[in-house]
$ cat final-v7.tsv   # TSV, C-alpha atoms
chain	number	residue	atom	x	y	z
A	1	MET	CA	0.00	0.00	0.00
A	2	ARG	CA	1.68	3.11	-1.26
A	3	LEU	CA	0.03	5.58	1.06
A	4	SER	CA	1.07	3.70	4.14
A	5	ALA	CA	4.63	3.35	2.81
A	6	LEU	CA	4.66	7.11	2.23
A	7	PHE	CA	3.26	7.76	5.65
A	8	TRP	CA	5.79	5.63	7.52
A	9	SER	CA	8.72	6.85	5.45
A	10	PHE	CA	8.05	10.49	6.11
A	11	PHE	CA	7.00	9.80	9.67
A	12	ARG	CA	10.52	8.42	10.21
A	13	VAL	CA	12.01	11.48	8.49
A	14	GLY	CA	9.94	13.68	10.77
A	15	ILE	CA	10.90	12.06	14.04
A	16	PHE	CA	14.58	11.44	13.27
A	17	GLY	CA	15.26	14.70	11.42
A	18	PHE	CA	16.77	17.08	13.91
A	19	GLY	CA	18.05	20.54	13.15
A	20	GLY	CA	15.45	22.02	10.82
A	21	GLY	CA	14.69	21.55	7.16
A	22	PRO	CA	17.99	21.45	5.26
A	23	SER	CA	19.55	18.95	7.65
A	24	MET	CA	16.64	16.56	7.04
A	25	LEU	CA	17.36	16.15	3.33
A	26	PRO	CA	19.71	13.16	3.71
A	27	LEU	CA	16.91	11.32	5.51
A	28	VAL	CA	14.46	12.16	2.73
A	29	HIS	CA	17.01	10.84	0.25
A	30	ALA	CA	17.53	7.65	2.25
A	31	GLU	CA	13.79	6.91	2.27
A	32	ALA	CA	12.76	8.04	-1.19
A	33	VAL	CA	15.78	6.97	-3.24
A	34	THR	CA	17.66	4.28	-1.34
A	35	ARG	CA	14.89	2.47	0.46
A	36	HIS	CA	11.85	2.74	-1.78
A	37	GLY	CA	13.28	3.70	-5.16
A	38	TRP	CA	10.52	6.25	-5.75
A	39	LEU	CA	13.06	8.48	-7.44
A	40	THR	CA	16.48	8.10	-9.01
A	41	ASP	CA	19.42	10.03	-7.63
A	42	GLU	CA	19.21	12.36	-10.57
A	43	GLU	CA	15.50	13.03	-10.11
A	44	PHE	CA	16.09	13.72	-6.45
A	45	ALA	CA	18.78	16.26	-7.29
A	46	ASP	CA	16.52	17.92	-9.87
A	47	ILE	CA	13.58	18.15	-7.51
A	48	LEU	CA	15.83	19.56	-4.81
A	49	ALA	CA	17.15	22.19	-7.22
A	50	ILE	CA	13.60	23.11	-8.19
A	51	GLY	CA	12.51	23.18	-4.56
A	52	ASN	CA	15.30	25.61	-3.84
A	53	THR	CA	14.05	28.02	-6.50
A	54	LEU	CA	10.85	28.36	-4.47
A	55	PRO	CA	10.42	29.93	-1.05
A	56	GLY	CA	9.11	28.06	1.98
A	57	PRO	CA	10.47	25.19	4.04
A	58	ILE	CA	12.35	22.61	1.97
A	59	ALA	CA	11.52	19.79	4.38
A	60	THR	CA	7.85	19.96	3.45
A	61	LYS	CA	8.32	20.72	-0.24
A	62	MET	CA	10.35	17.55	-0.82
A	63	PRO	CA	8.05	15.08	0.97
A	64	GLY	CA	4.96	16.81	-0.45
A	65	TYR	CA	6.21	16.64	-4.00
A	66	ILE	CA	7.52	13.09	-3.69
A	67	GLY	CA	4.17	12.04	-2.20
A	68	TYR	CA	2.43	13.67	-5.16
A	69	ARG	CA	4.62	11.82	-7.64
A	70	VAL	CA	4.02	8.49	-5.97
A	71	ALA	CA	0.31	8.68	-5.17
A	72	GLY	CA	-1.23	11.94	-6.38
A	73	THR	CA	-2.90	14.48	-4.14
A	74	ALA	CA	-3.61	11.92	-1.43
A	75	GLY	CA	0.08	11.04	-1.39
A	76	LEU	CA	0.98	14.71	-1.03
A	77	VAL	CA	-1.33	15.19	1.92
A	78	VAL	CA	-0.26	11.97	3.64
A	79	SER	CA	3.45	12.80	3.26
A	80	VAL	CA	3.17	16.36	4.56
A	81	VAL	CA	1.03	15.27	7.49
A	82	ALA	CA	3.43	12.45	8.36
A	83	VAL	CA	6.48	14.68	8.39
A	84	THR	CA	4.92	17.58	10.32
A	85	LEU	CA	2.02	16.52	12.51
A	86	PRO	CA	3.67	14.32	15.17
A	87	MET	CA	5.99	17.05	16.40
A	88	ILE	CA	3.37	19.80	16.15
A	89	VAL	CA	1.25	17.76	18.55
A	90	ALA	CA	4.30	17.24	20.78
A	91	MET	CA	5.01	21.00	20.80
A	92	ILE	CA	1.43	21.88	21.72
A	93	ALA	CA	1.33	19.27	24.47
A	94	MET	CA	4.68	20.18	26.03
A	95	LEU	CA	4.30	23.96	25.82
A	96	GLY	CA	0.70	23.67	27.00
A	97	VAL	CA	1.81	22.01	30.23
A	98	PHE	CA	4.67	24.47	30.53
A	99	SER	CA	2.54	27.59	30.19
A	100	ARG	CA	-0.09	26.30	32.62
A	101	TYR	CA	2.53	26.30	35.38
A	102	ARG	CA	4.25	29.49	34.32
A	103	ASP	CA	3.39	31.10	37.66
A	104	VAL	CA	5.54	28.61	39.54
A	105	ALA	CA	8.87	30.32	40.13
A	106	TRP	CA	11.19	27.50	39.10
A	107	ILE	CA	9.21	26.80	35.94
A	108	ARG	CA	9.44	30.46	35.01
A	109	GLY	CA	13.18	30.21	35.70
A	110	MET	CA	13.41	27.33	33.23
A	111	GLY	CA	11.77	29.46	30.57
A	112	GLN	CA	14.11	32.37	31.23
A	113	ALA	CA	17.20	30.21	31.02
A	114	VAL	CA	16.51	29.06	27.46
A	115	VAL	CA	16.54	32.61	26.10
A	116	PRO	CA	20.36	32.88	26.02
A	117	VAL	CA	20.54	29.43	24.38
A	118	VAL	CA	18.17	30.54	21.64
A	119	MET	CA	20.27	33.69	21.28
A	120	ILE	CA	23.34	31.55	20.56
A	121	MET	CA	21.42	29.40	18.08
A	122	MET	CA	20.20	32.53	16.32
A	123	ALA	CA	23.71	34.00	16.30
A	124	GLN	CA	24.96	30.84	14.64
A	125	LEU	CA	22.23	31.03	11.98
A	126	THR	CA	23.05	34.71	11.45
A	127	TRP	CA	26.65	33.80	10.84
A	128	ASP	CA	25.75	30.91	8.49
A	129	PHE	CA	23.52	33.12	6.39
A	130	PHE	CA	25.95	36.00	6.27
A	131	ASP	CA	28.83	33.70	5.44
A	132	LYS	CA	26.93	32.06	2.57
A	133	SER	CA	25.93	35.46	1.38
A	134	ARG	CA	29.52	36.70	1.50
A	135	ALA	CA	30.62	33.64	-0.48
A	136	SER	CA	28.19	34.36	-3.31
A	137	LEU	CA	27.86	38.16	-3.33
A	138	GLY	CA	31.09	39.26	-1.64
A	139	TRP	CA	31.55	41.38	1.48
A	140	TRP	CA	30.55	44.67	-0.10
A	141	LEU	CA	27.29	43.75	-1.71
A	142	SER	CA	26.17	41.51	1.18
A	143	GLY	CA	27.03	44.21	3.70
A	144	LEU	CA	25.31	46.88	1.65
A	145	ILE	CA	22.09	44.89	1.22
A	146	ALA	CA	22.13	43.96	4.91
A	147	ILE	CA	22.65	47.52	6.15
A	148	VAL	CA	20.20	49.18	3.77
A	149	SER	CA	17.51	46.59	4.44
A	150	GLY	CA	18.16	46.78	8.19
A	151	ALA	CA	17.74	50.56	8.14
A	152	LEU	CA	14.53	50.32	6.11
A	153	ILE	CA	13.03	47.61	8.32
A	154	TYR	CA	14.08	48.70	11.79
A	155	TRP	CA	14.55	52.42	11.41
A	156	LEU	CA	11.82	53.37	8.96
A	157	GLY	CA	9.53	50.51	9.97
A	158	ILE	CA	8.93	49.19	6.46
A	159	HIS	CA	7.53	45.67	6.37
A	160	PRO	CA	10.30	43.19	5.39
A	161	GLY	CA	7.94	41.69	2.81
A	162	PHE	CA	8.20	44.79	0.65
A	163	ILE	CA	11.99	44.82	0.76
A	164	ILE	CA	12.40	41.12	0.04
A	165	GLY	CA	9.66	41.30	-2.59
A	166	ALA	CA	11.48	44.15	-4.32
A	167	LEU	CA	14.77	42.24	-4.23
A	168	LEU	CA	13.12	39.11	-5.65
A	169	ILE	CA	11.53	41.04	-8.49
A	170	GLY	CA	14.79	42.89	-9.11
A	171	ALA	CA	16.71	39.62	-9.22
A	172	LEU	CA	14.22	38.06	-11.61
A	173	ILE	CA	13.70	40.86	-14.10
A	174	GLY	CA	16.71	43.05	-13.35
A	175	PRO	CA	18.68	44.28	-16.35
A	176	GLY	CA	22.22	43.88	-17.70
A	177	LYS	CA	23.97	44.36	-14.40
A	178	ALA	CA	22.70	40.87	-13.76
A	179	LYS	CA	25.04	39.37	-16.32
A	180	LYS	CA	28.11	40.68	-14.62
A	181	LYS	CA	26.96	39.46	-11.23
A	182	ALA	CA	25.74	36.20	-12.65
A	183	SER	CA	29.11	35.50	-14.20
A	184	GLN	CA	30.87	36.33	-10.95
A	185	ILE	CA	28.49	34.04	-9.13
A	186	ASN	CA	29.07	31.23	-11.58
A	187	ALA	CA	32.80	31.68	-11.27
A	188	LYS	CA	32.61	31.43	-7.49
A	189	GLU	CA	29.95	28.79	-7.19
A	190	PRO	CA	30.58	26.10	-9.74
A	191	THR	CA	27.47	23.99	-10.10
B	1	MET	CA	-10.77	38.02	11.52
B	2	ILE	CA	-8.26	35.94	13.38
B	3	TYR	CA	-7.95	33.11	10.84
B	4	TRP	CA	-7.24	35.57	8.07
B	5	GLU	CA	-4.57	37.29	10.18
B	6	LEU	CA	-3.01	33.94	11.03
B	7	PHE	CA	-3.03	32.99	7.39
B	8	LEU	CA	-1.25	36.22	6.42
B	9	ALA	CA	1.20	36.02	9.31
B	10	PHE	CA	2.46	32.67	8.01
B	11	PHE	CA	1.77	33.01	4.30
B	12	ILE	CA	3.94	36.13	3.89
B	13	PRO	CA	7.07	34.79	5.62
B	14	ASN	CA	6.86	31.53	3.71
B	15	ILE	CA	6.33	33.08	0.30
B	16	ILE	CA	9.30	35.44	0.66
B	17	GLY	CA	11.55	33.31	2.90
B	18	TYR	CA	14.27	31.81	0.73
B	19	GLY	CA	16.77	29.50	2.39
B	20	GLY	CA	14.60	26.82	3.99
B	21	GLY	CA	12.90	26.72	7.37
B	22	PRO	CA	15.49	28.63	9.43
B	23	ALA	CA	15.26	31.64	7.08
B	24	ILE	CA	11.60	31.94	7.93
B	25	ILE	CA	12.10	32.27	11.70
B	26	PRO	CA	12.98	35.99	11.83
B	27	LEU	CA	10.19	36.75	9.35
B	28	ILE	CA	7.68	34.89	11.53
B	29	GLU	CA	8.96	36.68	14.61
B	30	ALA	CA	8.38	40.01	12.86
B	31	GLU	CA	4.72	39.05	12.35
B	32	VAL	CA	3.92	37.13	15.52
B	33	VAL	CA	5.78	39.26	18.06
B	34	GLY	CA	6.31	42.53	16.18
B	35	ARG	CA	3.19	43.10	14.14
B	36	TYR	CA	0.33	41.21	15.77
B	37	GLY	CA	1.72	40.93	19.30
B	38	TRP	CA	0.32	37.41	19.77
B	39	MET	CA	3.37	36.37	21.77
B	40	SER	CA	5.97	38.05	23.94
B	41	SER	CA	9.60	37.84	22.94
B	42	GLN	CA	10.12	35.53	25.94
B	43	ALA	CA	7.35	33.13	24.84
B	44	PHE	CA	8.68	33.17	21.28
B	45	ALA	CA	12.16	32.28	22.55
B	46	GLU	CA	10.73	29.40	24.62
B	47	THR	CA	8.83	28.11	21.59
B	48	LEU	CA	11.94	28.34	19.45
B	49	ALA	CA	14.02	26.54	22.09
B	50	LEU	CA	11.61	23.63	22.22
B	51	GLY	CA	11.27	23.70	18.45
B	52	ASN	CA	15.03	23.40	18.08
B	53	ALA	CA	15.16	20.55	20.58
B	54	LEU	CA	12.57	18.46	18.74
B	55	PRO	CA	12.95	16.86	15.30
B	56	SER	CA	10.95	17.67	12.13
B	57	PRO	CA	10.81	20.96	10.18
B	58	ILE	CA	11.05	24.10	12.33
B	59	ALA	CA	8.71	26.23	10.19
B	60	THR	CA	5.74	23.90	10.61
B	61	LYS	CA	6.35	23.36	14.31
B	62	MET	CA	6.33	27.12	14.89
B	63	ALA	CA	3.24	27.56	12.71
B	64	GLY	CA	1.36	24.73	14.42
B	65	TYR	CA	2.13	25.92	17.91
B	66	VAL	CA	1.55	29.65	17.34
B	67	GLY	CA	-1.65	28.91	15.43
B	68	TYR	CA	-2.87	26.74	18.28
B	69	GLU	CA	-2.02	29.37	20.90
B	70	VAL	CA	-3.85	32.08	18.97
B	71	ALA	CA	-6.95	30.23	17.77
B	72	GLY	CA	-6.98	26.56	18.82
B	73	ILE	CA	-6.88	23.59	16.47
B	74	GLY	CA	-8.44	25.59	13.63
B	75	GLY	CA	-5.73	28.19	14.07
B	76	ALA	CA	-3.02	25.53	13.97
B	77	ALA	CA	-4.49	24.11	10.77
B	78	VAL	CA	-4.67	27.53	9.10
B	79	ALA	CA	-1.11	28.46	10.06
B	80	VAL	CA	0.35	25.14	8.91
B	81	MET	CA	-1.59	25.30	5.63
B	82	ALA	CA	-0.35	28.83	5.01
B	83	THR	CA	3.18	27.51	5.58
B	84	VAL	CA	3.19	24.48	3.32
B	85	VAL	CA	0.44	24.79	0.72
B	86	PRO	CA	1.51	27.79	-1.40
B	87	SER	CA	4.98	26.54	-2.27
B	88	LEU	CA	3.72	23.00	-2.81
B	89	ILE	CA	1.06	24.22	-5.22
B	90	LEU	CA	3.69	26.17	-7.12
B	91	MET	CA	5.96	23.16	-7.17
B	92	VAL	CA	3.30	20.75	-8.45
B	93	ALA	CA	1.73	23.18	-10.91
B	94	ALA	CA	4.81	24.87	-12.33
B	95	LEU	CA	7.31	22.03	-12.26
B	96	GLY	CA	8.03	22.08	-15.99
B	97	LEU	CA	8.62	25.81	-16.01
B	98	LEU	CA	10.78	25.67	-12.89
B	99	TYR	CA	12.71	22.71	-14.27
B	100	ARG	CA	13.73	24.67	-17.35
B	101	HIS	CA	14.89	27.60	-15.25
B	102	ARG	CA	16.44	25.77	-12.31
B	103	ASP	CA	19.98	26.69	-13.38
B	104	SER	CA	19.13	30.18	-14.59
B	105	PRO	CA	21.39	32.80	-12.97
B	106	ARG	CA	18.37	35.03	-12.40
B	107	VAL	CA	16.57	32.37	-10.44
B	108	LYS	CA	19.72	31.58	-8.49
B	109	ARG	CA	20.36	35.16	-7.55
B	110	MET	CA	16.85	35.44	-6.09
B	111	SER	CA	17.87	33.48	-3.03
B	112	GLN	CA	21.31	35.10	-3.03
B	113	TRP	CA	19.90	38.61	-2.88
B	114	VAL	CA	17.45	37.76	-0.14
B	115	ARG	CA	20.05	36.09	2.08
B	116	PRO	CA	21.68	39.29	3.44
B	117	VAL	CA	18.26	40.62	4.47
B	118	ILE	CA	17.51	37.39	6.32
B	119	ALA	CA	20.97	37.52	7.94
B	120	MET	CA	20.25	41.06	9.10
B	121	MET	CA	16.89	40.10	10.58
B	122	MET	CA	18.52	37.13	12.31
B	123	ALA	CA	21.15	39.46	13.77
B	124	TRP	CA	18.39	41.73	15.03
B	125	LEU	CA	16.58	38.79	16.58
B	126	THR	CA	19.82	37.65	18.23
B	127	LEU	CA	20.16	41.11	19.75
B	128	SER	CA	16.57	41.12	20.97
B	129	PHE	CA	17.11	37.74	22.66
B	130	LEU	CA	20.22	39.14	24.30
B	131	LEU	CA	18.30	42.12	25.66
B	132	GLU	CA	15.43	39.89	26.74
B	133	GLY	CA	17.82	37.56	28.57
B	134	VAL	CA	19.56	40.44	30.33
B	135	SER	CA	16.32	42.09	31.40
B	136	THR	CA	14.80	38.88	32.83
B	137	SER	CA	17.83	36.94	34.11
B	138	GLY	CA	20.47	39.65	34.50
B	139	TRP	CA	23.89	40.00	32.88
B	140	LEU	CA	25.64	37.31	34.85
B	141	HIS	CA	23.23	34.44	34.19
B	142	THR	CA	22.83	35.49	30.55
B	143	ALA	CA	26.60	35.49	30.08
B	144	ILE	CA	27.12	32.14	31.83
B	145	ILE	CA	24.34	30.38	29.90
B	146	GLY	CA	25.34	32.06	26.64
B	147	VAL	CA	29.01	31.16	26.88
B	148	VAL	CA	28.39	27.57	27.96
B	149	ALA	CA	25.74	27.11	25.26
B	150	ALA	CA	28.07	28.57	22.62
B	151	LEU	CA	30.90	26.23	23.63
B	152	ALA	CA	28.59	23.22	23.75
B	153	LEU	CA	26.84	23.92	20.44
B	154	LEU	CA	29.67	25.31	18.34
B	155	ARG	CA	32.84	23.86	19.80
B	156	PHE	CA	31.77	20.46	21.10
B	157	LYS	CA	28.80	19.97	18.74
B	158	VAL	CA	26.49	18.85	21.51
B	159	HIS	CA	22.98	18.07	20.31
B	160	PRO	CA	20.69	21.13	20.73
B	161	ALA	CA	18.17	19.04	22.69
B	162	PHE	CA	20.74	18.38	25.44
B	163	VAL	CA	21.76	22.03	25.56
B	164	VAL	CA	18.13	23.09	25.96
B	165	VAL	CA	17.58	20.49	28.69
B	166	ALA	CA	20.72	21.65	30.51
B	167	ALA	CA	19.50	25.25	30.36
B	168	LEU	CA	16.12	24.18	31.74
B	169	VAL	CA	17.81	22.49	34.69
B	170	TYR	CA	20.04	25.52	35.28
B	171	GLY	CA	17.04	27.84	35.17
B	172	GLY	CA	14.88	25.65	37.38
B	173	VAL	CA	17.57	25.51	40.04
B	174	LEU	CA	19.21	28.93	39.88
B	175	LEU	CA	16.64	31.30	38.38
B	176	GLY	CA	13.52	30.02	40.12
$ encode --input "final-v7.tsv" --output "structure tokens"
Amino acid sequence: MRLSALFWSFFRVGIFGFGGGPSMLPLVHAEAVTRHGWLTDEEFADILAIGNTLPGPIATKMPGYIGYRVAGTAGLVVSVVAVTLPMIVAMIAMLGVFSRYRDVAWIRGMGQAVVPVVMIMMAQLTWDFFDKSRASLGWWLSGLIAIVSGALIYWLGIHPGFIIGALLIGALIGPGKAKKKASQINAKEPT
Amino acid sequence: MIYWELFLAFFIPNIIGYGGGPAIIPLIEAEVVGRYGWMSSQAFAETLALGNALPSPIATKMAGYVGYEVAGIGGAAVAVMATVVPSLILMVAALGLLYRHRDSPRVKRMSQWVRPVIAMMMAWLTLSFLLEGVSTSGWLHTAIIGVVAALALLRFKVHPAFVVVAALVYGGVLLG
């Protein structure tokens, strides 16, 4: 039964995939290519490349699309539910208990103590994103985009959606300057 | 209309957030904490800590939990749908078109141009967690937890779940 194979495959991906979307991809590969042969290696790479041209979490795009390929819309729904639902329920249950006892001093202390941990995790993500950005755009352009967008968002209070939207449209339909940058990018990031 | 607001609060970050789940976190924070005020910065940090300690995609865990907090099971469903459905529809419907352009430099530079903005928003969020930690736990505790967590996560590659659990124990004993 294909739907149950899809469900259990992506259920495993969901409960063993720590560290957010991109780090779950090897598990998706292990299930979809190695274990079940739903896709070839090449198809997997193509679908991943296509998934990366779209916004949104990669760890739901891959299972959703693979589910669709294998068993149509029902496959898509089953795969997305299997990869996401178990831990959403776990989050709601655990945080629900936690916030019910928030008035207890030591429970509140527990909540306070995770803030600096999350700060470190976020600092690490900040560095990863800036470093990747520096590798593809260089210090100057990355720094410039970061500073200008930061000023617009936090100083002038413009919604980040407008700034990112403008950059996306600019990247897609932008003129000749693109060629120069594109060739630099290709030189630095061989594909 | 709370469902509509929830939909927008998760649809917008996910339709502009290039770079996978983690890229979406600062965009969601801007909506959930900044714009709609559904959660305090402290509660958002707690949610993110638990989210990072558990497996499965971070974007859907955040959406499911925030949606549930704001409007119950219906809210969770709306927020998760807003997170996963739009890009899946695009992927299924426009696969041929996307396939032809997957190596196009224009398409590639879309995510490259967005990345510095995301990095900036992440830096801002890092700073706001720092200020939040200092104002609730004081400089000393924030510095101790921060330094130990940094060493554990970055230097010794300890699993985030253990680091979060250790912080919970520390907080329960020393900050209670």
$ residues_near_point --input "final-v7.tsv" --point "(6.2, 14.0, 8.3)" --cutoff "9 Å" --atoms "only C-alpha atoms" --output "list in words"
Phe7, Trp8, Ser9, Phe10, Phe11, Arg12, Val13, Gly14, Ile15, Ala59, Thr60, Pro63, Val78, Ser79, Val80, Val81, Ala82, Val83, Thr84, Leu85, Pro86 and Met87 of chain A; Ser56 and Pro57 of chain B
$ write_last_selection --input "final-v7.tsv" --atoms "C-alpha atoms" --output "compact mmCIF listing (two decimals), in the frame of the given file"
# COMPACT_ATOMS: atom_id res chain seq x y z
CA PHE A 7 3.26 7.76 5.65
CA TRP A 8 5.79 5.63 7.52
CA SER A 9 8.72 6.85 5.45
CA PHE A 10 8.05 10.49 6.11
CA PHE A 11 7.00 9.80 9.67
CA ARG A 12 10.52 8.42 10.21
CA VAL A 13 12.01 11.48 8.49
CA GLY A 14 9.94 13.68 10.77
CA ILE A 15 10.90 12.06 14.04
CA ALA A 59 11.52 19.79 4.38
CA THR A 60 7.85 19.96 3.45
CA PRO A 63 8.05 15.08 0.97
CA VAL A 78 -0.26 11.97 3.64
CA SER A 79 3.45 12.80 3.26
CA VAL A 80 3.17 16.36 4.56
CA VAL A 81 1.03 15.27 7.49
CA ALA A 82 3.43 12.45 8.36
CA VAL A 83 6.48 14.68 8.39
CA THR A 84 4.92 17.58 10.32
CA LEU A 85 2.02 16.52 12.51
CA PRO A 86 3.67 14.32 15.17
CA MET A 87 5.99 17.05 16.40
CA SER B 56 10.95 17.67 12.13
CA PRO B 57 10.81 20.96 10.18
$ atom_distance --input "final-v7.tsv" --atom1 "CA of Lys157 in chain B" --atom2 "CA of Phe130 in chain A"
20.5 Å
$ residues_near_point --input "final-v7.tsv" --point "(23.8, 42.2, -5.2)" --cutoff "9 Å" --atoms "only C-alpha atoms" --output "PDB file with C-alpha atoms, in the frame of the given file"
ATOM      1  CA  LEU A 137      27.860  38.160  -3.330  1.00  0.00           C
ATOM      2  CA  GLY A 138      31.090  39.260  -1.640  1.00  0.00           C
ATOM      3  CA  TRP A 140      30.550  44.670  -0.100  1.00  0.00           C
ATOM      4  CA  LEU A 141      27.290  43.750  -1.710  1.00  0.00           C
ATOM      5  CA  SER A 142      26.170  41.510   1.180  1.00  0.00           C
ATOM      6  CA  LEU A 144      25.310  46.880   1.650  1.00  0.00           C
ATOM      7  CA  ILE A 145      22.090  44.890   1.220  1.00  0.00           C
ATOM      8  CA  ALA A 171      16.710  39.620  -9.220  1.00  0.00           C
ATOM      9  CA  ALA A 178      22.700  40.870 -13.760  1.00  0.00           C
ATOM     10  CA  LYS A 181      26.960  39.460 -11.230  1.00  0.00           C
TER      11      LYS A 181
ATOM     12  CA  ARG B 109      20.360  35.160  -7.550  1.00  0.00           C
ATOM     13  CA  GLN B 112      21.310  35.100  -3.030  1.00  0.00           C
ATOM     14  CA  TRP B 113      19.900  38.610  -2.880  1.00  0.00           C
TER      15      TRP B 113
END
$ axis_aligned_box --input "final-v7.tsv" --around "range 170-173 of chain B" --padding-each-side "3 Å" --output "lines of an AutoDock Vina configuration file"
center_x = 17.5
center_y = 26.7
center_z = 37.6
size_x = 11.2
size_y = 8.3
size_z = 10.9
$ residues_around --input "final-v7.tsv" --residues "range 75-85 of chain B" --least-positions-apart "2" --cutoff "8 Å" --atoms "only C-alpha atoms" --output "short mmCIF file (atom, residue, chain, number, x, y, z; two decimals) with C-alpha atoms, in the coordinates of the input"
data_model
loop_
_atom_site.label_atom_id
_atom_site.label_comp_id
_atom_site.auth_asym_id
_atom_site.auth_seq_id
_atom_site.Cartn_x
_atom_site.Cartn_y
_atom_site.Cartn_z
CA GLY A 56 9.11 28.06 1.98
CA PRO A 57 10.47 25.19 4.04
CA THR A 60 7.85 19.96 3.45
CA LYS A 61 8.32 20.72 -0.24
CA TYR B 3 -7.95 33.11 10.84
CA LEU B 6 -3.01 33.94 11.03
CA PHE B 7 -3.03 32.99 7.39
CA LEU B 8 -1.25 36.22 6.42
CA ALA B 9 1.20 36.02 9.31
CA PHE B 10 2.46 32.67 8.01
CA PHE B 11 1.77 33.01 4.30
CA ASN B 14 6.86 31.53 3.71
CA ALA B 59 8.71 26.23 10.19
CA THR B 60 5.74 23.90 10.61
CA ALA B 63 3.24 27.56 12.71
CA GLY B 64 1.36 24.73 14.42
CA TYR B 65 2.13 25.92 17.91
CA VAL B 66 1.55 29.65 17.34
CA GLY B 67 -1.65 28.91 15.43
CA TYR B 68 -2.87 26.74 18.28
CA GLU B 69 -2.02 29.37 20.90
CA VAL B 70 -3.85 32.08 18.97
CA ALA B 71 -6.95 30.23 17.77
CA GLY B 72 -6.98 26.56 18.82
CA ILE B 73 -6.88 23.59 16.47
CA SER B 87 4.98 26.54 -2.27
CA LEU B 88 3.72 23.00 -2.81
CA ILE B 89 1.06 24.22 -5.22
#
$ closest_residue --input "final-v7.tsv" --among "B:Gly146, B:Gly34, B:Gly74, B:Pro86" --to "chain A" --atoms "only C-alpha atoms"
B:Gly146
$ atom_distance --input "final-v7.tsv" --atom1 "CA of Val114 in chain B" --atom2 "CA of Ile158 in chain A"
15.7 Å
$ atom_distance --input "final-v7.tsv" --atom1 "CA of Met122 in chain B" --atom2 "CA of Val89 in chain A"
26.7 Å
$ closest_residue --input "final-v7.tsv" --among "B:Phe156, B:Trp124, B:Ala119, B:His141" --to "chain A" --atoms "only C-alpha atoms"
B:Ala119
$ residues_around --input "final-v7.tsv" --residues "range 39-45 of chain A" --least-positions-apart "3" --cutoff "12 Å" --atoms "all atoms listed in the file" --output "list in words"
Leu25, Pro26, Val28, His29, Ala30, Glu31, Ala32, Val33, Thr34, Arg35, His36, Leu48, Ala49, Ile50, Gly51, Asn52, Met62, Pro63, Tyr65, Ile66, Gly67, Arg69, Val70 and Thr191 of chain A; Tyr99 and Arg102 of chain B
$ closest_residue --input "final-v7.tsv" --among "B:Leu54, B:Val165, B:Ile118, B:Val173" --to "Glu29 in chain B" --atoms "only C-alpha atoms"
B:Ile118
$ residues_around --input "final-v7.tsv" --residues "Met110 in chain B" --least-positions-apart "6" --cutoff "9 Å" --atoms "all atoms listed in the file" --output "PDB file with C-alpha atoms, keeping the file's coordinate frame"
ATOM      1  CA  THR A  53      14.050  28.020  -6.500  1.00  0.00           C
ATOM      2  CA  LEU A 167      14.770  42.240  -4.230  1.00  0.00           C
ATOM      3  CA  LEU A 168      13.120  39.110  -5.650  1.00  0.00           C
ATOM      4  CA  ILE A 169      11.530  41.040  -8.490  1.00  0.00           C
ATOM      5  CA  GLY A 170      14.790  42.890  -9.110  1.00  0.00           C
ATOM      6  CA  ALA A 171      16.710  39.620  -9.220  1.00  0.00           C
ATOM      7  CA  LEU A 172      14.220  38.060 -11.610  1.00  0.00           C
TER       8      LEU A 172
ATOM      9  CA  TYR B  18      14.270  31.810   0.730  1.00  0.00           C
TER      10      TYR B  18
END
$ build_atoms --input "final-v7.tsv" --residues "range 10-19 of chain A" --atoms "N, CA and C atoms" --output "PDB file, in the coordinates of the input"
ATOM      1  N   PHE A  10       7.885   9.086   5.727  1.00  0.00           N
ATOM      2  CA  PHE A  10       8.050  10.490   6.110  1.00  0.00           C
ATOM      3  C   PHE A  10       7.803  10.704   7.604  1.00  0.00           C
ATOM      4  N   PHE A  11       7.096   9.782   8.219  1.00  0.00           N
ATOM      5  CA  PHE A  11       7.000   9.800   9.670  1.00  0.00           C
ATOM      6  C   PHE A  11       8.408   9.602  10.270  1.00  0.00           C
ATOM      7  N   ARG A  12       9.145   8.640   9.731  1.00  0.00           N
ATOM      8  CA  ARG A  12      10.520   8.420  10.210  1.00  0.00           C
ATOM      9  C   ARG A  12      11.382   9.668   9.972  1.00  0.00           C
ATOM     10  N   VAL A  13      11.244  10.254   8.769  1.00  0.00           N
ATOM     11  CA  VAL A  13      12.010  11.480   8.490  1.00  0.00           C
ATOM     12  C   VAL A  13      11.671  12.542   9.532  1.00  0.00           C
ATOM     13  N   GLY A  14      10.383  12.657   9.832  1.00  0.00           N
ATOM     14  CA  GLY A  14       9.940  13.680  10.770  1.00  0.00           C
ATOM     15  C   GLY A  14      10.449  13.477  12.180  1.00  0.00           C
ATOM     16  N   ILE A  15      10.495  12.229  12.644  1.00  0.00           N
ATOM     17  CA  ILE A  15      10.900  12.060  14.040  1.00  0.00           C
ATOM     18  C   ILE A  15      12.398  11.846  14.215  1.00  0.00           C
ATOM     19  N   PHE A  16      13.122  11.558  13.121  1.00  0.00           N
ATOM     20  CA  PHE A  16      14.580  11.440  13.270  1.00  0.00           C
ATOM     21  C   PHE A  16      15.322  12.633  12.708  1.00  0.00           C
ATOM     22  N   GLY A  17      14.598  13.566  12.079  1.00  0.00           N
ATOM     23  CA  GLY A  17      15.260  14.700  11.420  1.00  0.00           C
ATOM     24  C   GLY A  17      15.404  15.888  12.349  1.00  0.00           C
ATOM     25  N   PHE A  18      16.526  15.949  13.017  1.00  0.00           N
ATOM     26  CA  PHE A  18      16.770  17.080  13.910  1.00  0.00           C
ATOM     27  C   PHE A  18      17.457  18.212  13.162  1.00  0.00           C
ATOM     28  N   GLY A  19      17.261  19.420  13.658  1.00  0.00           N
ATOM     29  CA  GLY A  19      18.050  20.540  13.150  1.00  0.00           C
ATOM     30  C   GLY A  19      17.423  21.319  12.020  1.00  0.00           C
TER      31      GLY A  19
END
